[in-house]
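Trainee: So that you have it, the file is input_16.cif, and it contains mmCIF, C-alpha atoms and all ligand atoms:
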data_start
loop_
_atom_site.label_atom_id
_atom_site.label_comp_id
_atom_site.auth_asym_id
_atom_site.auth_seq_id
_atom_site.Cartn_x
_atom_site.Cartn_y
_atom_site.Cartn_z
CA MET A 1 6.52 40.82 -36.41
CA GLY A 2 4.27 43.56 -37.80
CA LYS A 3 0.52 43.33 -37.41
CA ILE A 4 -0.14 43.28 -41.16
CA ARG A 5 2.39 40.56 -41.77
CA ARG A 6 0.77 38.52 -39.02
CA VAL A 7 -2.50 38.40 -40.97
CA PHE A 8 -0.71 36.35 -43.59
CA VAL A 9 0.38 33.92 -40.95
CA GLY A 10 -2.94 32.17 -40.82
CA LEU A 11 -3.32 32.00 -44.60
CA ALA A 12 0.21 31.01 -45.61
CA GLY A 13 0.54 28.89 -42.52
CA VAL A 14 -2.33 26.59 -43.37
CA ALA A 15 -1.07 26.00 -46.90
CA LEU A 16 2.44 25.10 -45.77
CA LEU A 17 1.59 23.42 -42.52
CA GLY A 18 3.66 20.36 -41.72
CA ALA A 19 2.00 17.42 -40.02
CA THR A 20 3.04 18.49 -36.57
CA ALA A 21 3.26 22.28 -36.65
CA VAL A 22 0.53 24.35 -35.06
CA PRO A 23 -0.47 27.39 -37.11
CA ALA A 24 -0.90 30.76 -35.50
CA SER A 25 -4.12 32.36 -36.68
CA ALA A 26 -4.64 36.03 -37.48
CA SER A 27 -6.13 36.55 -34.03
CA ASP A 28 -3.38 34.68 -32.29
CA THR A 29 -0.91 37.47 -31.59
CA ASP A 30 -0.79 36.91 -27.84
CA ARG A 31 2.60 35.37 -27.15
CA GLY A 32 3.51 34.37 -23.62
CA ILE A 33 6.66 33.18 -21.87
CA TYR A 34 6.10 29.78 -20.23
CA GLU A 35 8.02 27.32 -18.11
CA VAL A 36 7.64 23.55 -18.00
CA ASP A 37 9.38 21.71 -15.17
CA GLY A 38 10.84 18.22 -15.05
CA THR A 39 10.93 17.51 -18.79
CA ASP A 40 12.89 14.73 -20.50
CA ALA A 41 14.28 14.85 -24.07
CA ALA A 42 11.14 13.23 -25.54
CA GLN A 43 8.89 15.87 -23.93
CA ARG A 44 11.18 18.66 -25.12
CA THR A 45 11.03 17.25 -28.64
CA GLN A 46 7.23 17.20 -28.32
CA LEU A 47 7.33 20.89 -27.38
CA VAL A 48 9.56 21.76 -30.32
CA ARG A 49 7.32 19.79 -32.68
CA ALA A 50 4.33 21.80 -31.47
CA GLY A 51 6.09 24.79 -32.98
CA VAL A 52 6.91 26.75 -29.84
CA ASP A 53 10.16 28.74 -29.52
CA VAL A 54 12.37 27.09 -26.89
CA LEU A 55 14.54 29.78 -25.31
CA GLY A 56 16.55 27.71 -22.84
CA VAL A 57 16.69 24.49 -20.83
CA ALA A 58 18.13 24.08 -17.34
CA ASP A 59 17.86 20.92 -15.23
CA GLY A 60 14.78 19.83 -17.15
CA THR A 61 13.02 23.18 -16.86
CA VAL A 62 12.19 24.56 -20.29
CA THR A 63 11.59 28.27 -20.92
CA LEU A 64 9.65 28.89 -24.11
CA VAL A 65 7.54 31.35 -26.08
CA ALA A 66 4.14 30.10 -27.22
CA THR A 67 0.97 31.64 -28.59
CA SER A 68 -2.11 31.17 -26.46
CA GLU A 69 -3.43 28.67 -29.03
CA GLN A 70 -0.25 26.62 -28.83
CA ALA A 71 -0.40 26.73 -25.03
CA ARG A 72 -4.02 25.52 -25.09
CA GLY A 73 -3.06 22.64 -27.41
CA LEU A 74 -0.13 21.59 -25.26
CA ARG A 75 -2.18 21.72 -22.08
CA ALA A 76 -4.79 19.54 -23.77
CA ASP A 77 -1.95 17.08 -24.46
CA GLY A 78 -1.20 16.98 -20.74
CA ILE A 79 1.79 19.32 -20.59
CA ASP A 80 1.94 21.45 -17.48
CA LEU A 81 2.69 24.94 -18.78
CA ASP A 82 3.30 27.70 -16.29
CA ARG A 83 2.85 31.18 -17.74
CA THR A 84 5.59 33.40 -16.31
CA GLY A 85 5.33 36.46 -18.51
CA ASP A 86 4.31 38.16 -21.69
CA PHE A 87 6.62 38.16 -24.74
CA ASP A 88 6.20 41.83 -25.65
CA ARG A 89 6.29 42.86 -22.00
CA ALA A 90 9.53 40.88 -21.46
CA LEU A 91 11.24 42.70 -24.31
CA ALA A 92 9.83 46.04 -23.18
CA ASP A 93 11.28 45.47 -19.71
CA ARG A 94 14.73 44.65 -21.11
CA ASN A 95 14.72 47.55 -23.57
CA PRO A 96 15.59 51.07 -22.46
CA ASP A 97 12.98 53.81 -22.18
CA THR A 98 12.05 55.42 -25.44
CA ASP A 99 14.00 58.59 -24.77
CA LEU A 100 17.14 56.59 -24.00
CA ARG A 101 17.00 54.75 -27.32
CA ALA A 102 20.31 54.52 -29.08
CA ALA A 103 20.55 55.25 -32.76
CA ALA A 104 19.37 52.47 -35.06
CA ASP A 105 22.96 51.54 -35.80
CA GLU A 106 23.89 51.00 -32.18
CA PHE A 107 22.94 48.49 -29.51
CA PRO A 108 20.33 49.63 -26.99
CA ALA A 109 21.54 52.13 -24.40
CA GLY A 110 23.87 50.54 -21.84
CA ASP A 111 24.87 47.69 -24.17
CA GLU A 112 27.11 49.63 -26.56
CA ASP A 113 30.09 47.34 -25.93
CA TYR A 114 28.41 44.75 -28.16
CA HIS A 115 29.55 45.12 -31.76
CA THR A 116 27.16 46.19 -34.49
CA TYR A 117 27.94 44.83 -37.94
CA THR A 118 29.81 48.03 -38.85
CA GLU A 119 31.83 47.90 -35.63
CA LEU A 120 32.57 44.21 -36.16
CA THR A 121 33.82 44.94 -39.68
CA ASP A 122 36.02 47.78 -38.40
CA THR A 123 37.48 45.67 -35.59
CA LEU A 124 38.33 42.80 -37.94
CA THR A 125 39.86 45.22 -40.45
CA THR A 126 42.01 46.74 -37.70
CA ALA A 127 43.10 43.30 -36.44
CA GLU A 128 44.22 42.38 -39.95
CA ALA A 129 46.05 45.69 -40.38
CA GLU A 130 47.87 45.32 -37.06
CA HIS A 131 48.73 41.62 -37.47
CA GLY A 132 49.01 41.19 -41.24
CA ASP A 133 51.68 38.51 -40.83
CA ILE A 134 49.29 36.14 -39.06
CA ALA A 135 45.76 37.45 -39.84
CA SER A 136 43.97 37.59 -43.17
CA LEU A 137 40.41 38.88 -43.63
CA SER A 138 38.20 37.71 -46.48
CA SER A 139 34.63 36.49 -46.76
CA VAL A 140 32.86 33.24 -47.59
CA GLY A 141 30.12 35.09 -49.47
CA GLU A 142 27.19 37.38 -48.77
CA SER A 143 24.07 37.31 -46.65
CA TYR A 144 20.58 37.55 -48.17
CA GLU A 145 20.68 41.34 -47.85
CA GLY A 146 24.21 41.50 -49.25
CA ARG A 147 26.40 41.84 -46.17
CA ALA A 148 29.83 40.19 -46.34
CA LEU A 149 30.07 37.00 -44.30
CA HIS A 150 33.49 37.73 -42.86
CA LEU A 151 36.15 35.05 -42.60
CA MET A 152 39.31 35.63 -40.57
CA LYS A 153 42.18 33.21 -41.05
CA ILE A 154 44.85 33.20 -38.34
CA SER A 155 48.11 31.26 -38.75
CA ASP A 156 51.80 31.78 -39.22
CA ASN A 157 52.62 32.23 -42.93
CA VAL A 158 48.98 33.22 -43.26
CA ALA A 159 49.19 33.88 -47.00
CA VAL A 160 50.25 30.27 -47.62
CA ASP A 161 47.92 27.26 -47.51
CA GLU A 162 50.14 25.16 -45.28
CA ASP A 163 49.60 21.51 -44.44
CA GLU A 164 48.31 22.18 -40.91
CA PRO A 165 45.04 21.13 -39.27
CA GLU A 166 42.34 23.70 -40.07
CA VAL A 167 39.81 24.50 -37.35
CA LEU A 168 36.60 26.43 -37.99
CA PHE A 169 34.72 28.59 -35.48
CA THR A 170 31.25 29.90 -36.40
CA CYS A 171 29.02 32.28 -34.47
CA ASN A 172 25.65 34.02 -34.53
CA GLN A 173 23.59 31.66 -36.70
CA HIS A 174 20.74 32.92 -34.52
CA ALA A 175 20.27 36.68 -34.73
CA ARG A 176 19.52 37.45 -31.07
CA GLU A 177 22.47 35.42 -29.74
CA HIS A 178 24.78 38.47 -29.82
CA LEU A 179 27.12 37.20 -27.10
CA THR A 180 28.33 34.57 -29.59
CA THR A 181 29.59 37.19 -32.05
CA GLU A 182 31.63 38.61 -29.19
CA MET A 183 32.93 35.08 -28.56
CA CYS A 184 34.28 34.74 -32.11
CA LEU A 185 35.72 38.25 -31.93
CA HIS A 186 37.43 37.31 -28.66
CA ILE A 187 38.99 34.27 -30.38
CA VAL A 188 40.30 36.55 -33.14
CA GLU A 189 41.71 39.06 -30.67
CA ARG A 190 43.30 36.48 -28.38
CA PHE A 191 45.10 34.61 -31.17
CA THR A 192 46.35 37.83 -32.74
CA ASP A 193 47.10 40.10 -29.74
CA ASP A 194 48.68 37.35 -27.61
CA TYR A 195 50.77 35.85 -30.43
CA GLY A 196 54.45 36.00 -29.48
CA SER A 197 53.78 36.65 -25.79
CA ASP A 198 51.55 33.75 -24.73
CA PRO A 199 53.40 30.47 -25.47
CA ALA A 200 50.23 28.35 -25.81
CA VAL A 201 48.66 30.84 -28.23
CA THR A 202 51.90 31.12 -30.21
CA GLU A 203 52.21 27.34 -30.53
CA LEU A 204 48.61 26.93 -31.72
CA VAL A 205 48.89 29.75 -34.26
CA ASN A 206 52.14 28.24 -35.57
CA THR A 207 50.73 24.73 -35.97
CA ARG A 208 47.08 25.32 -36.94
CA GLU A 209 45.07 27.33 -39.44
CA ILE A 210 42.35 28.98 -37.37
CA LEU A 211 39.27 30.03 -39.37
CA VAL A 212 36.65 32.29 -37.77
CA VAL A 213 33.24 33.37 -39.13
CA PRO A 214 32.08 35.82 -36.43
CA THR A 215 28.56 36.25 -37.75
CA MET A 216 26.68 33.87 -40.02
CA ASN A 217 23.53 35.97 -39.74
CA PRO A 218 24.39 39.67 -39.97
CA ASP A 219 20.99 40.60 -41.44
CA GLY A 220 19.13 39.05 -38.54
CA ALA A 221 21.50 40.53 -35.96
CA GLU A 222 21.08 44.04 -37.37
CA TYR A 223 17.32 43.59 -37.52
CA ASP A 224 17.33 42.43 -33.90
CA ILE A 225 18.71 45.79 -32.73
CA SER A 226 16.86 47.99 -35.21
CA GLY A 227 15.50 51.12 -33.61
CA GLY A 228 17.85 50.61 -30.68
CA GLN A 229 15.38 48.09 -29.24
CA TYR A 230 15.79 44.33 -28.98
CA GLN A 231 13.36 42.45 -31.20
CA GLY A 232 13.81 38.85 -30.01
CA TRP A 233 14.61 37.77 -33.60
CA ARG A 234 16.13 34.33 -34.32
CA LYS A 235 16.12 33.58 -38.08
CA ASN A 236 17.66 35.22 -41.14
CA ARG A 237 15.72 37.88 -43.11
CA GLN A 238 14.91 35.92 -46.27
CA GLY A 239 11.40 35.60 -47.66
CA TRP A 240 8.21 36.10 -45.68
CA ASP A 241 9.55 35.51 -42.23
CA GLY A 242 13.10 34.18 -42.41
CA THR A 243 14.71 30.76 -42.24
CA ASP A 244 16.24 29.15 -39.17
CA LEU A 245 19.81 28.72 -40.41
CA ASN A 246 20.41 25.92 -37.93
CA ARG A 247 17.67 23.81 -39.54
CA ASN A 248 18.78 24.48 -43.15
CA TRP A 249 21.92 22.28 -43.37
CA GLY A 250 21.81 19.42 -45.85
CA TYR A 251 22.30 16.30 -43.73
CA GLU A 252 19.05 14.46 -42.91
CA TRP A 253 17.37 17.81 -43.61
CA GLY A 254 13.79 17.83 -42.34
CA CYS A 255 13.95 14.12 -41.60
CA CYS A 256 12.74 13.74 -38.10
CA GLY A 257 10.36 16.36 -36.78
CA GLY A 258 13.25 18.46 -35.51
CA SER A 259 12.33 21.46 -37.66
CA SER A 260 9.23 23.00 -39.19
CA GLY A 261 7.91 23.27 -42.76
CA TRP A 262 5.75 26.20 -41.74
CA GLN A 263 7.34 29.51 -42.81
CA PHE A 264 6.32 31.39 -39.71
CA SER A 265 7.76 28.91 -37.26
CA ASP A 266 10.92 29.94 -35.44
CA THR A 267 12.45 26.65 -36.57
CA TYR A 268 11.45 26.94 -40.25
CA ARG A 269 13.90 24.76 -42.19
CA GLY A 270 13.68 26.68 -45.48
CA SER A 271 12.35 25.49 -48.84
CA SER A 272 15.26 23.11 -49.47
CA PRO A 273 18.66 22.27 -47.94
CA PHE A 274 20.92 25.33 -48.19
CA SER A 275 18.10 27.54 -49.48
CA ALA A 276 19.55 30.24 -47.20
CA PRO A 277 22.51 32.04 -48.82
CA GLU A 278 24.28 32.14 -45.44
CA THR A 279 24.36 28.35 -44.90
CA ALA A 280 25.12 27.79 -48.60
CA ALA A 281 28.12 30.15 -48.44
CA VAL A 282 29.63 28.50 -45.36
CA ALA A 283 28.97 25.01 -46.78
CA ASP A 284 30.63 25.97 -50.09
CA PHE A 285 33.60 27.27 -48.16
CA VAL A 286 33.88 24.03 -46.18
CA GLU A 287 33.62 22.07 -49.42
CA SER A 288 36.36 24.23 -50.93
CA ARG A 289 38.65 23.01 -48.17
CA ILE A 290 38.73 19.53 -49.70
CA VAL A 291 42.24 19.57 -51.15
CA GLY A 292 43.65 16.54 -52.94
CA GLY A 293 40.56 14.60 -51.92
CA GLU A 294 41.06 15.37 -48.24
CA GLN A 295 38.98 17.67 -46.03
CA GLN A 296 41.47 20.06 -44.40
CA ILE A 297 39.11 21.19 -41.62
CA THR A 298 39.32 18.62 -38.85
CA ALA A 299 37.39 20.34 -36.04
CA HIS A 300 34.56 22.88 -35.74
CA LEU A 301 32.78 24.75 -32.96
CA ASP A 302 29.51 26.66 -33.40
CA PHE A 303 28.51 29.10 -30.66
CA HIS A 304 24.92 29.69 -29.52
CA SER A 305 23.19 30.99 -26.42
CA TYR A 306 21.86 30.24 -23.96
CA SER A 307 21.85 27.34 -21.36
CA GLU A 308 25.59 26.65 -20.81
CA LEU A 309 25.81 23.36 -22.68
CA VAL A 310 28.40 21.47 -24.71
CA LEU A 311 26.58 19.54 -27.45
CA TRP A 312 27.73 17.01 -30.05
CA PRO A 313 26.09 15.11 -32.92
CA TYR A 314 23.84 13.62 -33.83
CA GLY A 315 20.87 15.89 -33.22
CA TYR A 316 18.47 14.14 -35.60
CA THR A 317 18.34 10.88 -33.63
CA TYR A 318 18.34 9.88 -29.97
CA ASP A 319 20.64 6.97 -30.84
CA ASP A 320 24.25 7.34 -29.68
CA THR A 321 25.49 5.49 -32.75
CA ALA A 322 24.07 5.70 -36.26
CA GLU A 323 25.22 5.71 -39.88
CA GLY A 324 28.56 7.50 -39.86
CA MET A 325 28.91 7.39 -36.07
CA THR A 326 30.64 4.36 -34.62
CA ARG A 327 30.76 3.53 -30.93
CA GLU A 328 34.39 4.69 -30.83
CA GLU A 329 33.58 8.00 -32.48
CA ALA A 330 30.63 8.62 -30.16
CA GLU A 331 32.92 7.95 -27.22
CA ARG A 332 35.49 10.42 -28.53
CA PHE A 333 32.78 13.11 -28.81
CA ALA A 334 31.65 12.39 -25.25
CA ASP A 335 35.21 12.32 -23.94
CA VAL A 336 36.36 15.59 -25.52
CA GLY A 337 32.98 17.24 -24.86
CA THR A 338 33.19 16.28 -21.19
CA ARG A 339 36.78 17.52 -20.92
CA MET A 340 35.87 20.87 -22.50
CA ALA A 341 32.85 21.19 -20.19
CA ALA A 342 35.09 20.57 -17.17
CA THR A 343 36.96 23.79 -18.03
CA ASN A 344 33.96 26.11 -18.47
CA GLY A 345 31.41 24.55 -16.14
CA TYR A 346 28.91 23.85 -18.92
CA THR A 347 26.85 20.62 -19.06
CA PRO A 348 28.04 18.11 -21.69
CA GLN A 349 25.53 16.00 -23.65
CA GLN A 350 24.61 14.65 -27.06
CA SER A 351 22.60 17.26 -28.97
CA SER A 352 19.40 15.19 -29.05
CA ASP A 353 19.48 14.91 -25.24
CA LEU A 354 18.28 18.53 -25.41
CA TYR A 355 15.63 17.91 -28.10
CA ILE A 356 15.61 16.53 -31.63
CA THR A 357 16.97 18.91 -34.27
CA ASP A 358 17.36 18.12 -37.96
CA GLY A 359 19.24 20.17 -40.53
CA GLY A 360 21.62 21.38 -37.81
CA ILE A 361 25.19 22.43 -38.54
CA ASN A 362 26.96 19.76 -36.44
CA ASP A 363 25.15 16.86 -38.12
CA TRP A 364 26.25 18.14 -41.54
CA MET A 365 29.85 18.84 -40.52
CA TRP A 366 30.22 15.36 -39.04
CA GLY A 367 27.84 13.32 -41.22
CA GLU A 368 29.04 14.80 -44.50
CA HIS A 369 32.67 15.73 -43.78
CA ASP A 370 33.83 13.83 -40.67
CA ILE A 371 34.62 17.19 -39.06
CA PHE A 372 34.74 16.86 -35.27
CA SER A 373 31.96 19.38 -34.64
CA PHE A 374 30.47 20.79 -31.43
CA THR A 375 27.94 23.41 -30.33
CA PHE A 376 28.41 25.52 -27.20
CA GLU A 377 25.36 27.16 -25.67
CA MET A 378 26.81 30.12 -23.78
CA TYR A 379 25.82 32.08 -20.67
CA PRO A 380 23.45 32.21 -18.85
CA ALA A 381 22.60 28.73 -17.59
CA SER A 382 18.98 29.74 -17.07
CA GLY A 383 16.76 32.56 -16.16
CA GLY A 384 15.10 35.53 -17.64
CA GLY A 385 13.23 34.04 -20.57
CA MET A 386 14.02 36.52 -23.36
CA ASP A 387 16.55 38.30 -21.12
CA GLY A 388 18.79 35.26 -21.42
CA PHE A 389 19.66 36.36 -24.95
CA TYR A 390 20.58 39.85 -23.80
CA PRO A 391 23.07 39.68 -20.93
CA PRO A 392 24.49 43.13 -20.09
CA ASP A 393 27.66 44.03 -21.95
CA GLU A 394 29.56 43.95 -18.63
CA VAL A 395 29.68 40.12 -18.85
CA ILE A 396 31.25 39.92 -22.32
CA ASP A 397 34.87 39.67 -21.10
CA ARG A 398 34.15 37.13 -18.39
CA GLU A 399 31.89 34.90 -20.50
CA THR A 400 34.13 34.83 -23.57
CA THR A 401 37.38 34.30 -21.63
CA ARG A 402 35.58 31.47 -19.84
CA ASN A 403 35.87 29.40 -23.02
CA ASP A 404 39.61 29.92 -23.65
CA ASP A 405 40.67 26.55 -22.25
CA ALA A 406 37.89 24.69 -24.07
CA VAL A 407 38.86 26.35 -27.35
CA ASP A 408 42.48 25.31 -26.79
CA ILE A 409 41.41 21.71 -26.09
CA LEU A 410 39.56 21.60 -29.41
CA LEU A 411 42.51 23.13 -31.29
CA ASN A 412 44.79 20.51 -29.78
CA GLU A 413 42.36 17.69 -30.63
CA ALA A 414 42.32 18.90 -34.23
CA GLY A 415 45.89 17.71 -34.58
CA ILE A 416 45.08 14.16 -33.46
C1 LIG B 1 19.18 25.08 -31.77
O1 LIG B 1 18.59 27.72 -28.37
C2 LIG B 1 21.48 23.22 -31.58
C3 LIG B 1 22.06 21.88 -31.28
C4 LIG B 1 23.05 21.46 -32.32
N1 LIG B 1 22.48 20.88 -33.49
C5 LIG B 1 20.83 23.86 -30.41
C6 LIG B 1 20.28 25.23 -30.72
O2 LIG B 1 19.45 25.37 -32.94
O3 LIG B 1 18.06 24.68 -31.42
N2 LIG B 1 19.74 25.84 -29.54
S1 LIG B 1 19.30 27.43 -29.60
O4 LIG B 1 18.53 27.65 -30.76
N3 LIG B 1 20.58 28.36 -29.60
CA CA B 2 26.35 48.23 -19.78
CA CA B 3 50.61 28.33 -40.83
CA CA B 4 45.92 24.23 -45.02
ZN ZN B 5 21.11 29.38 -31.27
#
Reformat the file's structure so that it appears as structure tokens.
Mentor:
Amino acid sequence: MGKIRRVFVGLAGVALLGATAVPASASDTDRGIYEVDGTDAAQRTQLVRAGVDVLGVADGTVTLVATSEQARGLRADGIDLDRTGDFDRALADRNPDTDLRAAADEFPAGDEDYHTYTELTDTLTTAEAEHGDIASLSSVGESYEGRALHLMKISDNVAVDEDEPEVLFTCNQHAREHLTTEMCLHIVERFTDDYGSDPAVTELVNTREILVVPTMNPDGAEYDISGGQYQGWRKNRQGWDGTDLNRNWGYEWGCCGGSSGWQFSDTYRGSSPFSAPETAAVADFVESRIVGGEQQITAHLDFHSYSELVLWPYGYTYDDTAEGMTREEAERFADVGTRMAATNGYTPQQSSDLYITDGGINDWMWGEHDIFSFTFEMYPASGGGMDGFYPPDEVIDRETTRNDDAVDILLNEAGI
């Protein structure tokens, strides 16, 4: 965030401050990386409510970014914060030296195997051209800055809306989680390239309609690599300071202290449900899949990073069962989530076991549409603070292939 913009933080922040958010003041530009050991879900929710940016959680140890004011407040509340680094320093260490900077339209030097938006668009266009019989590229709408929100449909007889279970994969709601875009691209490439040679892939393509949105937040992702340097950016690029897309969905939006009403928070929920064009476009698309009164999409998986977790709804409440979630349904989420986690080595848990979130995508998919909806938090399990969002491009193959079996489990479940 620029210095001048930061001056507005104190002013705008006070006016819009929610009951629990802590405003950063004009002088409060000192952001540190902290760790807190041995937390439970209630303590993690307390941290989130204080407005800090939780980067990852592993075995109860939380890594977060906080301003020095927020850290002081939390320490006064009895939370044992251990300062492990400086936010700007952490990014500077991960970024290449100035003279090695890649062009603004490329990932930082050494990480060029990640796809920029232009490269993503080209790769999807090529996949459609090479596999036109089973792959069809369109979009669900546009981002705030006008980029197409690509949608790839993969199925036999792809031009026909067949009566087959439809399964949606979404990636990159959070700008800096670039590994997730590669995950969606890997799904596209596997189900197109391996069609006809891999029997399991062939069977799934023939009996499902696979829908992939590889980036929900292209503006944020491009901003995050602007200047060939990682920026540590999470939200979209709308308004003063962006909206957290994964707090902007319209089910129990803003209900429960799992998001912030303060525009400069990293978990700002937006001015109203679906105020972000990106969430609105995907939601409209999902709604358009109600055909003859029946929602065609039966399963959904949203990829994030990092912490290596399999998460299921609800996020807005600690309760296992709630309105729209029977005991049986909660058990099915836990059962399938645990089976998927057994294949990739992630940790399975209800979303709120991490911390309370409201306005998240899974709660809307399930609460509003009965879509069997999960979140995967990808590699790494822990470590590195900000570096966790920027694993070297050498791990892309390994960490995307790692989820093949879990993806197949979900596709199979979609038919049940
Ligand atoms: C988030 O660190 C979302 C759980 C599903 N509702 C977890 C996600 O939006 O807080 N974690 S993350 O931001 N990727
Ligand atoms: Ca590399
Ligand atoms: Ca088909
Ligand atoms: Ca269909
Ligand atoms: Zn995320």
Trainee: Neighbours of A:Val213 within 9 Å (all atoms listed in the file; same-chain residues fewer than 3 positions away dropped), as a PyMOL selection string?
Mentor: chain A and resi 139-140+149-152+168-172+181+184+216+282
Trainee: Expressed in Å to a single decimal, how great is the separation between atom CA of A:Gly227 and atom O1 of ligand LIG 1 (chain B)?
Mentor: 24.2 Å
Trainee: Between atom CA of A:Tyr251 and atom CA of A:Phe274, what is the distance in Å, rounded to a tenth?
Mentor: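 Value for the atom CA of A:Tyr251-atom CA of A:Phe274 distance: 10.2 Å.
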Trainee: May I ask you to write as a list in words all residues lying at most 7 Å from ligand CA 3 (chain B), with all atoms listed in the file counted?
Mentor: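 So, counting all atoms listed in the file, the residues near ligand CA 3 (chain B) are Ser155, Asp156, Asn157, Val158, Glu162, Glu164, Val205, Asn206, Thr207, Arg208 and Glu209 of chain A.
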Trainee: I need the chosen residues saved as a PDB file, in the coordinates of the input, with C-alpha atoms.
Mentor:
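Ended up saving to out.pdb:
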ATOM      1  CA  SER A 155      48.110  31.260 -38.750  1.00  0.00           C
ATOM      2  CA  ASP A 156      51.800  31.780 -39.220  1.00  0.00           C
ATOM      3  CA  ASN A 157      52.620  32.230 -42.930  1.00  0.00           C
ATOM      4  CA  VAL A 158      48.980  33.220 -43.260  1.00  0.00           C
ATOM      5  CA  GLU A 162      50.140  25.160 -45.280  1.00  0.00           C
ATOM      6  CA  GLU A 164      48.310  22.180 -40.910  1.00  0.00           C
ATOM      7  CA  VAL A 205      48.890  29.750 -34.260  1.00  0.00           C
ATOM      8  CA  ASN A 206      52.140  28.240 -35.570  1.00  0.00           C
ATOM      9  CA  THR A 207      50.730  24.730 -35.970  1.00  0.00           C
ATOM     10  CA  ARG A 208      47.080  25.320 -36.940  1.00  0.00           C
ATOM     11  CA  GLU A 209      45.070  27.330 -39.440  1.00  0.00           C
TER      12      GLU A 209
END
Trainee: Give me the residues of stretch 271-312 of chain A that have any atom at most 12 Å from an atom of stretch 383-402 of chain A; for each, the nearest atom pair and the distance in Å, rounded to one decimal. Use only C-alpha atoms, sort by chain and number, and format it as JSON lines.
Mentor:
{"residue": "A:Phe303", "atom": "CA", "partner": "A:Thr400", "partner_atom": "CA", "distance": 10.7}
{"residue": "A:His304", "atom": "CA", "partner": "A:Phe389", "partner_atom": "CA", "distance": 9.6}
{"residue": "A:Ser305", "atom": "CA", "partner": "A:Phe389", "partner_atom": "CA", "distance": 6.6}
{"residue": "A:Tyr306", "atom": "CA", "partner": "A:Gly388", "partner_atom": "CA", "distance": 6.4}
{"residue": "A:Ser307", "atom": "CA", "partner": "A:Gly388", "partner_atom": "CA", "distance": 8.5}
{"residue": "A:Glu308", "atom": "CA", "partner": "A:Glu399", "partner_atom": "CA", "distance": 10.4}
Trainee: Counting all atoms listed in the file, which residues have an atom no more than 10 Å from (9.3, 17.0, -14.1) in the file's coordinates? Please list them as a list of chain:residue names.
Mentor: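 Checked against the point, the hits come out as A:Val36, A:Asp37, A:Gly38, A:Thr39, A:Asp40, A:Gln43, A:Asp59, A:Gly60, A:Thr61, A:Asp80.
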Trainee: Kindly indicate which residue among A:Asn403, A:Thr279, A:Ser272, A:Asn362 lies nearest to A:Arg190, using all atoms listed in the file for the distances.
Mentor: A:Asn403
Trainee: Find the residues around A:Leu411 up to 12 Å (all atoms listed in the file counted), leave out those fewer than 3 positions away in its own chain, and share them as an MDAnalysis selection string.
Mentor: chainID A and resid 164:169 187 191 200:201 203:211 297:301 336 340 372:373 404:408 414:416
Trainee: Grab the residues selected above and save them as a JSON list (two decimals), keeping the file's coordinate frame with C-alpha atoms.
Mentor:
[["chain", "number", "residue", "atom", "x", "y", "z"],
["A", 164, "GLU", "CA", 48.31, 22.18, -40.91],
["A", 165, "PRO", "CA", 45.04, 21.13, -39.27],
["A", 166, "GLU", "CA", 42.34, 23.70, -40.07],
["A", 167, "VAL", "CA", 39.81, 24.50, -37.35],
["A", 168, "LEU", "CA", 36.60, 26.43, -37.99],
["A", 169, "PHE", "CA", 34.72, 28.59, -35.48],
["A", 187, "ILE", "CA", 38.99, 34.27, -30.38],
["A", 191, "PHE", "CA", 45.10, 34.61, -31.17],
["A", 200, "ALA", "CA", 50.23, 28.35, -25.81],
["A", 201, "VAL", "CA", 48.66, 30.84, -28.23],
["A", 203, "GLU", "CA", 52.21, 27.34, -30.53],
["A", 204, "LEU", "CA", 48.61, 26.93, -31.72],
["A", 205, "VAL", "CA", 48.89, 29.75, -34.26],
["A", 206, "ASN", "CA", 52.14, 28.24, -35.57],
["A", 207, "THR", "CA", 50.73, 24.73, -35.97],
["A", 208, "ARG", "CA", 47.08, 25.32, -36.94],
["A", 209, "GLU", "CA", 45.07, 27.33, -39.44],
["A", 210, "ILE", "CA", 42.35, 28.98, -37.37],
["A", 211, "LEU", "CA", 39.27, 30.03, -39.37],
["A", 297, "ILE", "CA", 39.11, 21.19, -41.62],
["A", 298, "THR", "CA", 39.32, 18.62, -38.85],
["A", 299, "ALA", "CA", 37.39, 20.34, -36.04],
["A", 300, "HIS", "CA", 34.56, 22.88, -35.74],
["A", 301, "LEU", "CA", 32.78, 24.75, -32.96],
["A", 336, "VAL", "CA", 36.36, 15.59, -25.52],
["A", 340, "MET", "CA", 35.87, 20.87, -22.50],
["A", 372, "PHE", "CA", 34.74, 16.86, -35.27],
["A", 373, "SER", "CA", 31.96, 19.38, -34.64],
["A", 404, "ASP", "CA", 39.61, 29.92, -23.65],
["A", 405, "ASP", "CA", 40.67, 26.55, -22.25],
["A", 406, "ALA", "CA", 37.89, 24.69, -24.07],
["A", 407, "VAL", "CA", 38.86, 26.35, -27.35],
["A", 408, "ASP", "CA", 42.48, 25.31, -26.79],
["A", 414, "ALA", "CA", 42.32, 18.90, -34.23],
["A", 415, "GLY", "CA", 45.89, 17.71, -34.58],
["A", 416, "ILE", "CA", 45.08, 14.16, -33.46]]
Trainee: Report the centre and edge lengths, in Å to one decimal, of an axis-aligned box enclosing every atom of ligand LIG 1 (chain B) listed in the file, padded by 6 Å on each side, as AutoDock Vina command-line options.
Mentor:
--center_x 20.6 --center_y 24.6 --center_z -30.9 --size_x 17.0 --size_y 19.5 --size_z 17.1
Trainee: I'd like the interatomic distance between atom CA of A:Tyr314 and atom CA of A:Pro277, to a tenth of an Å.
Mentor: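 So the answer is 23.8 Å.
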